Each structure stands twice: as structure tokens, then as C-alpha cells.
Amino acid sequence: MLDPLTLNTLRQFRAGVYECFGARRDALFELLDAATVAGLVPSLAYLSLPPVHRRRWGSLYDALAGRHPGGTGAARADRPLSVG
């Protein structure tokens with residue numbers, strides 16, 4: 001089990017990563033979680049198979065392409081990620 005300080009640092013880091021994403025941030029964050037637990041996969045669509053990815057496989061491609069009504073793109077590279 002993680003000690004409270006480490007757990008809080010991890011939560012802050014995850015919140016910082018989440019804030020860096022622009023359009024489709026929920027789908028991108030699930031993609032990141034899936035990539036973390038899946039290991040090596042033969043194609044991007046396989047990242048939709050782990051339980052942490054709750055969306056359909058098409059959302060992976062939409063999120064990476066930044067396709068969202070009024071969306072500005074998949075990620076915000078102009079914002080630095082800082083933790084605590």
C-alpha cells in the first residue's frame with residue numbers, strides 16, 4: 001500500500017497530466033492508463049481491451065486526431081506539467 005504522501009503526489013501528477021490534454025481529455029487519459037497496464041501491443045486498437053479503457057476502440061483514433069466538436073486538438077504542449 002502507498003503511503004499518503006506518495007499517493008497524494010501521484011494524484012497531483014495525474015491531475016497535471018489530465019490538464020495538459022485539450023479536447024477529448026477523458027479518452028486520452030483512458031488511453032494513457034491503458035498503455036500503462038497493457039504492455040506491448042500489436043496495434044493501437046488493442047489498447048481498448050484493458051478494463052481501464054471504458055470506451056470503444058474508435059475513440060482512441062478520434063482522441064489522437066483531436067476530432068471533437070469545437071476541439072482544438074488532442075494535447076496542449078504549451079502548458080508545462082508541474083507536480084507539487
# chains A, B, ... in the order shown; residues from 1 in each chain; ligands from 1
call {"tool": "residues_around", "arguments": {"residues": "Arg14 of chain A", "least_positions_apart": "2", "cutoff": "12 Å", "atoms": "only C-alpha atoms", "output": "list of chain:residue names"}}
result
A:Leu7, A:Asn8, A:Thr9, A:Leu10, A:Arg11, A:Gln12, A:Gly16, A:Val17, A:Tyr18, A:Glu19, A:Cys20, A:Phe21, A:Phe29, A:Glu30, A:Leu32, A:Asp33, A:Leu81, A:Ser82, A:Val83, A:Gly84
call {"tool": "atom_distance", "arguments": {"atom1": "atom CA of Gly66 of chain A", "atom2": "atom CA of Leu49 of chain A"}}
result
21.2 Å
call {"tool": "atom_distance", "arguments": {"atom1": "atom CA of Ala15 of chain A", "atom2": "atom CA of Ala38 of chain A"}}
result
21.2 Å
